[in-house]
Structure formats: structure tokens, C-alpha cells
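Below: one structure, written as C-alpha cells.
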Amino acid sequence: MGKADIISFVENEFVERKEFPAFKAGDTIKVTYKIKEGDKERLQSFQGVVIQRKNSSSRETFTVRKISNGVGVERIFPFTSPFIESIEVQKYGVVRRARIFYLRGLTGKKARIKERLQK
């Protein structure tokens with residue numbers, strides 16, 4: 001058993017993974033996560049467009065981008081993070097790419113993504 005086999009075994013066995021709705025690049029989601037401030041804990045939400053999903057299994061992450069006060073803000077969330085409370089899909093988007101980094105250069109109406117109708 002090699003080093004990589006042991007690492008993947010430990011990741012698959014001991015890392016907890018919550019069930020979230022299916023989403024992909026172009027979808028608008030709302031991520032609610034826990035923030036610890038001193039000894040207090042509160043929930044905060046981050047709503048934006050999914051720019052990419054990266055890796056697989058226990059190392060999977062997704063990047064969400066939103067515009068806040070005219071400034072683009074991106075945040076990377078690990079799927080296995082214990083701080084993620086919930087993920088809600090607000091809109092399903094139609095894009096032809098898995099990583100939509102071209103969105104970074106667009107503002108206003110050009111940055112809109114067509115909506116996909118769910119059946």
C-alpha cells in the first residue's frame with residue numbers, strides 16, 4: 001500500500017461530506033456558513049454565481065463570485081467544510097464552459113447568464 005493509497009483511504013473514510021443540491025458553473029447559489037467571532041457563532045450567507053468546481057471527492061472545492069458595492073468578490077468553499085450550513089440553488093444558468101473566468105472581465109448587463117428552466 002503506497003503513500004497515495006493511504007492518503008486517499010483516510011480522506012474517504014474520515015472526512016464527513018454533507019449532501020448538497022446538484023449545481024455547476026453558471027448557477028447562482030446561496031451558501032450559508034458559520035462564522036465564529038470570539039465565543040459566539042453566527043450564520044452568514046454569500047450569494048453569487050458559481051465560476052468553477054475543482055477536484056473531486058474529499059478535496060473538491062467550488063468558487064462563487066458576486067459583485068459587492070461595484071467590486072467583484074470571489075470566495076472558494078471546500079465541499080467538506082464543517083462550517084457550511086446549507087447551499088441553495090437560486091437559478092440554474094446556461095453556460096458552455098466548466099470554468100467561466102471570462103465573467104471577471106464583464107460588468108453590468110454583459111455579465112448576465114441565461115437561465116435554464118428546470119423540469
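Chain identifiers are assigned as A, B, and so on, following the order in which chains appear in the C-alpha cells; residues are numbered from 1 within each chain, and ligands are numbered from 1 in order of appearance.
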So that I can see what lies close to Arg53 (chain A), please list as an MDAnalysis selection string the residues with an atom at most 12 Å from it, counting only C-alpha atoms and leaving out residues fewer than 5 positions away in the same chain. chainID A and resid 22:27 59:64 76:79 97:101
Could you write those residues out with C-alpha atoms, as an mmCIF file, in the first residue's frame?
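What follows is the written file selection-v4.cif:
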```
data_model
loop_
_atom_site.group_PDB
_atom_site.id
_atom_site.type_symbol
_atom_site.label_atom_id
_atom_site.label_comp_id
_atom_site.auth_asym_id
_atom_site.auth_seq_id
_atom_site.Cartn_x
_atom_site.Cartn_y
_atom_site.Cartn_z
ATOM 1 C CA ALA A 22 -26.553 19.456 -7.644
ATOM 2 C CA PHE A 23 -25.097 22.603 -9.188
ATOM 3 C CA LYS A 24 -22.467 23.503 -11.752
ATOM 4 C CA ALA A 25 -20.705 26.514 -13.253
ATOM 5 C CA GLY A 26 -23.128 29.286 -14.221
ATOM 6 C CA ASP A 27 -25.645 28.545 -11.481
ATOM 7 C CA ARG A 59 -10.736 17.705 -1.948
ATOM 8 C CA GLU A 60 -13.499 19.212 -4.082
ATOM 9 C CA THR A 61 -13.971 22.986 -3.961
ATOM 10 C CA PHE A 62 -16.193 25.493 -5.696
ATOM 11 C CA THR A 63 -15.668 29.212 -6.338
ATOM 12 C CA VAL A 64 -18.530 31.692 -6.011
ATOM 13 C CA ILE A 76 -13.585 29.494 -2.504
ATOM 14 C CA PHE A 77 -15.513 26.931 -0.444
ATOM 15 C CA PRO A 78 -14.374 23.355 0.230
ATOM 16 C CA PHE A 79 -17.239 20.860 -0.060
ATOM 17 C CA ARG A 97 -17.742 26.168 -20.178
ATOM 18 C CA ALA A 98 -16.778 24.390 -16.968
ATOM 19 C CA ARG A 99 -14.786 27.416 -15.729
ATOM 20 C CA ILE A 100 -16.287 30.784 -16.555
ATOM 21 C CA PHE A 101 -13.400 33.098 -15.720
#
```
All helix (DSSP H, G or I) positions in chain A, as a PyMOL selection string: chain A and resi 3-14+57-59+101-105+108-111
Keeping C-alpha atoms for every residue in the selection just given, could you write it to a file as a PDB file, in the first residue's frame?
```pdb
ATOM      1  CA  LYS A   3       1.551   6.668   0.353  1.00  0.00           C
ATOM      2  CA  ALA A   4      -1.116   7.917  -2.080  1.00  0.00           C
ATOM      3  CA  ASP A   5      -3.334   4.910  -1.317  1.00  0.00           C
ATOM      4  CA  ILE A   6      -3.161   5.594   2.417  1.00  0.00           C
ATOM      5  CA  ILE A   7      -3.966   9.292   1.934  1.00  0.00           C
ATOM      6  CA  SER A   8      -6.972   8.564  -0.274  1.00  0.00           C
ATOM      7  CA  PHE A   9      -8.203   5.872   2.159  1.00  0.00           C
ATOM      8  CA  VAL A  10      -8.054   8.271   5.116  1.00  0.00           C
ATOM      9  CA  GLU A  11      -9.760  11.048   3.141  1.00  0.00           C
ATOM     10  CA  ASN A  12     -12.602   8.807   2.022  1.00  0.00           C
ATOM     11  CA  GLU A  13     -13.149   7.161   5.410  1.00  0.00           C
ATOM     12  CA  PHE A  14     -12.820  10.003   7.890  1.00  0.00           C
ATOM     13  CA  SER A  57     -14.110  13.505  -3.686  1.00  0.00           C
ATOM     14  CA  SER A  58     -12.892  14.975  -0.389  1.00  0.00           C
ATOM     15  CA  ARG A  59     -10.736  17.705  -1.948  1.00  0.00           C
ATOM     16  CA  PHE A 101     -13.400  33.098 -15.720  1.00  0.00           C
ATOM     17  CA  TYR A 102     -14.398  35.390 -18.596  1.00  0.00           C
ATOM     18  CA  LEU A 103     -17.079  36.703 -16.224  1.00  0.00           C
ATOM     19  CA  ARG A 104     -14.350  38.577 -14.331  1.00  0.00           C
ATOM     20  CA  GLY A 105     -13.879  40.983 -17.235  1.00  0.00           C
ATOM     21  CA  GLY A 108     -23.433  45.157 -15.957  1.00  0.00           C
ATOM     22  CA  LYS A 109     -25.753  43.551 -18.490  1.00  0.00           C
ATOM     23  CA  LYS A 110     -22.904  41.754 -20.245  1.00  0.00           C
ATOM     24  CA  ALA A 111     -22.272  39.741 -17.094  1.00  0.00           C
TER      25      ALA A 111
END
```
Min atom-atom distance to Leu117 (chain A) from the set A:Asn55, A:Gln90, A:Ser45, A:Asn69, counting only C-alpha atoms, belongs to A:Gln90
Tell me, as an MDAnalysis selection string, which residues lie within 10 Å of Gln47 (chain A), counting only C-alpha atoms; anything in the same chain fewer than 6 positions away does not count. chainID A and resid 28:32 64:67 87:90
Kindly save the residues from that selection, with C-alpha atoms included, as a PDB file, in the first residue's frame.
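What follows is the written file part_11.pdb:
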```
ATOM      1  CA  THR A  28     -26.480  31.198  -8.896  1.00  0.00           C
ATOM      2  CA  ILE A  29     -26.297  29.759  -5.393  1.00  0.00           C
ATOM      3  CA  LYS A  30     -26.615  30.959  -1.816  1.00  0.00           C
ATOM      4  CA  VAL A  31     -24.105  29.475   0.619  1.00  0.00           C
ATOM      5  CA  THR A  32     -24.934  29.822   4.319  1.00  0.00           C
ATOM      6  CA  VAL A  64     -18.530  31.692  -6.011  1.00  0.00           C
ATOM      7  CA  ARG A  65     -18.346  35.246  -7.373  1.00  0.00           C
ATOM      8  CA  LYS A  66     -20.547  38.219  -6.558  1.00  0.00           C
ATOM      9  CA  ILE A  67     -20.391  41.974  -7.085  1.00  0.00           C
ATOM     10  CA  ILE A  87     -26.384  25.536  -0.123  1.00  0.00           C
ATOM     11  CA  GLU A  88     -29.472  26.693  -2.015  1.00  0.00           C
ATOM     12  CA  VAL A  89     -29.644  26.952  -5.791  1.00  0.00           C
ATOM     13  CA  GLN A  90     -31.364  30.228  -6.726  1.00  0.00           C
TER      14      GLN A  90
END
```
Have a look at A:Ile35, A:Leu106, A:Val71, A:Ile84 and name the one nearest to Glu16 (chain A); count only C-alpha atoms.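 Distance minimum relative to Glu16 (chain A) lands on A:Ile84.
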Extract the full set of strand (DSSP E or B) residues from chain A according to DSSP on the backbone, and format it as a count of residues only. 53
